[in-house]
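Participant: What follows is the file upload.txt, containing compact mmCIF, C-alpha atoms:
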```txt
# COMPACT_ATOMS: atom_id res chain seq x y z
CA MET J 1 15.06 67.49 11.63
CA PHE J 2 12.29 65.03 12.44
CA SER J 3 9.32 66.04 14.50
CA LEU J 4 7.76 63.66 16.98
CA VAL J 5 4.80 63.28 14.62
CA ARG J 6 7.09 62.14 11.77
CA ILE J 7 8.92 59.71 14.04
CA ALA J 8 5.59 58.26 15.23
CA ALA J 9 4.37 57.96 11.62
CA LEU J 10 7.56 56.18 10.54
CA THR J 11 7.32 53.83 13.51
CA ALA J 12 3.72 52.99 12.57
CA CYS J 13 4.76 52.30 8.95
CA PHE J 14 7.49 49.89 10.09
CA ALA J 15 4.99 48.10 12.32
CA LEU J 16 2.69 47.52 9.32
CA VAL J 17 5.38 45.72 7.30
CA PRO J 18 5.81 42.23 8.81
CA GLY J 19 9.38 41.45 9.72
CA LEU J 20 10.82 44.79 8.62
CA ALA J 21 11.29 46.13 12.11
CA LEU J 22 12.89 42.82 13.11
CA ALA J 23 15.34 42.65 10.19
CA HIS J 24 18.31 43.78 12.27
CA ASP J 25 17.45 41.27 15.00
CA HIS J 26 18.52 38.52 12.60
CA ILE J 27 22.22 39.52 12.74
CA VAL J 28 24.32 38.69 15.80
CA LYS J 29 27.94 39.78 16.08
CA ALA J 30 30.60 37.85 17.99
CA GLY J 31 34.03 39.39 17.55
CA SER J 32 34.82 39.30 13.82
CA LEU J 33 31.92 36.93 13.14
CA GLU J 34 28.54 38.10 11.90
CA ILE J 35 25.81 35.45 12.25
CA VAL J 36 23.07 36.23 9.73
CA HIS J 37 19.44 35.06 10.01
CA PRO J 38 19.49 31.60 11.61
CA TRP J 39 16.39 29.77 10.35
CA SER J 40 14.63 26.44 10.18
CA ARG J 41 11.57 25.02 8.47
CA ALA J 42 8.16 24.25 9.89
CA THR J 43 7.75 20.54 10.64
CA PRO J 44 4.75 18.27 10.36
CA GLY J 45 3.38 16.82 13.61
CA GLY J 46 5.34 13.80 14.76
CA ALA J 47 8.57 14.80 12.99
CA LYS J 48 11.62 13.65 14.94
CA VAL J 49 14.16 15.78 13.04
CA ALA J 50 14.45 19.28 11.62
CA ALA J 51 17.29 21.22 10.05
CA GLY J 52 18.70 24.65 10.79
CA TYR J 53 20.52 27.01 8.48
CA VAL J 54 22.59 30.18 8.82
CA THR J 55 25.26 32.28 7.15
CA VAL J 56 28.36 33.23 9.14
CA ASN J 57 30.50 36.06 7.77
CA ASN J 58 34.03 36.43 9.08
CA THR J 59 35.38 39.98 8.70
CA GLY J 60 38.56 39.14 10.59
CA ALA J 61 42.03 38.06 9.49
CA THR J 62 41.81 34.74 11.38
CA ALA J 63 39.71 31.72 10.46
CA ASP J 64 37.33 30.21 13.01
CA ARG J 65 35.32 26.97 13.10
CA LEU J 66 31.69 26.24 13.89
CA VAL J 67 32.05 23.24 16.22
CA ALA J 68 28.64 22.80 17.90
CA ALA J 69 25.05 24.00 18.07
CA ALA J 70 22.24 23.68 20.58
CA ALA J 71 18.50 24.32 20.76
CA ASP J 72 17.37 22.80 24.05
CA GLU J 73 13.87 24.27 23.73
CA VAL J 74 13.05 22.19 20.64
CA ALA J 75 15.52 19.27 20.36
CA ALA J 76 17.15 16.81 22.73
CA LYS J 77 20.21 16.50 20.48
CA VAL J 78 21.81 18.82 17.91
CA GLU J 79 24.59 18.00 15.45
CA ILE J 80 26.32 19.63 12.50
CA HIS J 81 25.86 17.63 9.28
CA GLU J 82 27.35 17.48 5.83
CA VAL J 83 25.31 16.38 2.82
CA ALA J 84 27.07 14.43 0.08
CA MET J 85 25.97 12.94 -3.23
CA LYS J 86 27.52 9.61 -4.25
CA ASP J 87 26.31 7.44 -7.14
CA GLY J 88 23.08 9.41 -7.30
CA VAL J 89 22.29 8.82 -3.62
CA MET J 90 22.21 11.72 -1.21
CA SER J 91 23.52 10.99 2.28
CA MET J 92 24.45 12.98 5.29
CA LYS J 93 26.87 12.53 8.12
CA ARG J 94 27.80 14.23 11.35
CA VAL J 95 30.95 16.38 11.27
CA ASP J 96 33.03 17.78 14.12
CA GLY J 97 33.14 21.28 12.70
CA ILE J 98 33.17 23.49 9.63
CA ALA J 99 35.71 26.21 8.83
CA VAL J 100 34.66 29.85 8.66
CA PRO J 101 37.46 31.29 6.51
CA ALA J 102 39.16 34.59 7.38
CA GLY J 103 37.57 37.33 5.30
CA GLY J 104 35.01 34.84 4.00
CA SER J 105 31.68 33.20 4.72
CA LEU J 106 30.16 29.88 5.68
CA THR J 107 26.61 29.22 4.51
CA LEU J 108 24.55 26.36 5.91
CA LYS J 109 21.64 25.80 3.51
CA PRO J 110 19.25 23.10 2.31
CA GLY J 111 21.07 20.36 0.40
CA SER J 112 24.42 21.29 1.95
CA TRP J 113 25.93 21.81 5.40
CA HIS J 114 23.21 22.17 8.03
CA ILE J 115 22.41 21.94 11.72
CA MET J 116 20.41 18.80 12.52
CA PHE J 117 17.87 19.08 15.34
CA MET J 118 17.19 15.53 16.53
CA ASP J 119 14.70 13.95 18.92
CA MET J 120 12.38 16.91 18.48
CA LYS J 121 10.45 17.87 21.61
CA ARG J 122 7.65 19.49 19.60
CA PRO J 123 6.78 20.54 16.05
CA LEU J 124 8.11 23.81 14.65
CA THR J 125 5.46 26.25 13.46
CA GLN J 126 5.96 28.78 10.66
CA GLY J 127 6.49 32.26 12.06
CA GLU J 128 7.73 31.19 15.49
CA VAL J 129 11.18 32.00 16.84
CA PHE J 130 13.15 29.65 19.10
CA ALA J 131 16.37 30.09 21.07
CA GLY J 132 19.56 28.30 20.23
CA SER J 133 23.30 28.72 20.26
CA LEU J 134 26.25 28.27 17.95
CA THR J 135 29.69 27.44 19.34
CA PHE J 136 32.88 28.48 17.58
CA GLU J 137 36.46 27.49 18.42
CA LYS J 138 37.62 31.10 18.83
CA ALA J 139 34.47 33.22 19.21
CA GLY J 140 32.96 30.86 21.82
CA THR J 141 29.25 30.18 22.31
CA VAL J 142 26.87 32.72 20.80
CA ALA J 143 23.14 32.90 21.58
CA VAL J 144 20.97 33.08 18.46
CA LYS J 145 17.28 32.93 17.56
CA PHE J 146 16.07 30.68 14.77
CA THR J 147 13.09 31.92 12.74
CA VAL J 148 10.83 29.14 11.46
CA GLU J 149 10.01 29.51 7.77
CA ALA J 150 7.46 27.60 5.63
CA LEU J 151 7.62 23.80 5.44
CA GLY J 152 9.32 23.74 2.01
CA ALA J 153 11.38 26.94 2.27
CA THR J 154 14.75 26.91 0.51
CA ALA J 155 15.92 30.24 1.93
CA PRO J 156 14.92 32.58 4.73
CA THR J 157 12.17 35.05 4.00
CA MET J 158 13.64 38.50 4.11
CA PRO J 159 11.51 41.65 4.30
CA GLY J 160 10.30 42.63 0.84
CA LYS J 161 11.22 39.30 -0.80
CA ALA J 162 9.01 36.34 -1.63
CA ASP J 163 9.79 32.94 -0.14
CA PRO J 164 11.29 30.70 -2.84
CA ALA J 165 9.68 27.54 -1.44
CA ALA J 166 10.65 24.21 -2.91
CA PRO J 167 10.53 21.16 -0.69
CA MET J 168 13.66 19.17 0.11
CA ASP J 169 12.73 15.61 0.92
CA HIS J 170 14.79 14.42 3.92
CA GLY J 171 13.02 11.06 3.69
CA GLY J 172 15.18 9.83 0.80
CA MET J 173 18.43 10.53 2.62
CA ASP J 174 20.63 8.05 4.37
CA HIS J 175 20.46 9.32 7.98
CA SER J 176 23.01 6.83 9.30
CA HIS J 177 25.98 8.37 11.05
CA HIS J 178 29.12 7.22 9.26
```
How does the structure come out when it is put into structure tokens?

Facilitator:
Amino acid sequence: MFSLVRIAALTACFALVPGLALAHDHIVKAGSLEIVHPWSRATPGGAKVAAGYVTVNNTGATADRLVAAAADEVAAKVEIHEVAMKDGVMSMKRVDGIAVPAGGSLTLKPGSWHIMFMDMKRPLTQGEVFAGSLTFEKAGTVAVKFTVEALGATAPTMPGKADPAAPMDHGGMDHSHH
């Protein structure tokens, strides 16, 4: 049995470890979907685009589809994009949705599927959190919070793990919408 002193001490310890107390805030459930740690990267001043990433686990027996995203606080327009490599040239294009398989996962990550924040209203700063939403065919629209990681982050920083930063250069990509 925990005394009030032990509970207070544990609470103080959690407060001293950045992000640890917030770890569970990075998972949002919507029916059989579990939306895990939506994140983005910090942007340099003047950037007009940014990308968002997330993992969606589907514990149900029915597939769903991610069909839209929004982040009105930071971007005037948001699209879902696919990255493809053809003849040594990386390009990306807008897609109308991505399947979240039954009993499986969908991972949006650098160099792959991602959410494209366009016509940025302001720069994103490492450590900030901004509101957004993900819309699924079956689960509907789900409010999420994107955590902004370091400029070159390749994965979200999780409590107790180092950030494996390696920049992905969006500048060399074909940003035309096929």

Participant: So, counting all atoms listed in the file, which residue among J:Pro156, J:Leu106, J:Met120, J:Phe146 is closest to Lys77 in chain J?

Facilitator: J:Met120

Participant: Between CA of Val142 in chain J and CA of Trp39 in chain J, what distance in Å does the model show, to one decimal?

Facilitator: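 Separation between CA of Val142 in chain J and CA of Trp39 in chain J: 15.1 Å.
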
Participant: Determine the nearest neighbour of Leu134 in chain J from the options J:Ile115, J:Ile27, J:Ala84, J:Ala51, counting all atoms listed in the file.

Facilitator: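 The shortest atom-to-atom distance to Leu134 in chain J comes from J:Ile115.
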
Participant: Between J:Gly31, J:Gly97, J:Gly45, J:Gly52, which one has atoms that come closest to Phe130 in chain J, using all atoms listed in the file?

Facilitator: J:Gly52

Participant: Pick the closest to Gly140 in chain J from J:Thr55, J:Ala68, J:Glu34, J:Leu124: which is it, counting only C-alpha atoms?

Facilitator: J:Ala68

Participant: To one decimal place in Å, what is the distance between CA of Gln126 in chain J and CA of Glu149 in chain J?

Facilitator: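 Taking CA of Gln126 in chain J as the start and CA of Glu149 in chain J as the end point, the length is 5.0 Å.
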
Participant: Pick out the closest residue to Ala75 in chain J from this set: J:Lys48, J:Lys109, J:Arg41, J:His26. Count only C-alpha atoms.

Facilitator: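 Comparing J:Lys48, J:Lys109, J:Arg41, J:His26 against Ala75 in chain J, the winner is J:Lys48.
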
Participant: Just give me the gap between CA of Ala61 in chain J and CA of Gly103 in chain J in Å, one decimal is fine.

Facilitator: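 These two atoms are separated by 6.2 Å.
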
Participant: I'd like to know which of J:Thr107, J:Asp87, J:Lys121, J:His114 is closest to Val74 in chain J, using only C-alpha atoms.

Facilitator: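 Selected residue with least distance to Val74 in chain J: J:Lys121.
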
Participant: Just give me the residues with any atom within 8 Å of (38.8, 25.7, 19.2), file coordinates, counting all atoms listed in the file, written as a list of chain:residue names.

Facilitator: J:Asp64, J:Arg65, J:Val67, J:Phe136, J:Glu137, J:Lys138

Participant: Would you mind listing what lies within 8 Å of Pro110 in chain J as a list of chain:residue names, with only C-alpha atoms counted and same-chain residues fewer than 3 positions away left out?

Facilitator: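 Counting only the stated atoms, we get J:Tyr53, J:Trp113, J:His114, J:Thr154, J:Ala155, J:Met168.
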
Participant: With all atoms listed in the file counted, which protein, DNA or RNA residues have an atom no more than 12 Å from (25.1, 38.3, 11.7) in the file frame? Please answer as JSON, numbers by chain.

Facilitator: {"J": [23, 24, 25, 26, 27, 28, 29, 30, 31, 32, 33, 34, 35, 36, 37, 38, 54, 55, 56, 57, 58, 59, 105, 106, 107, 134, 142, 143, 144, 145]}
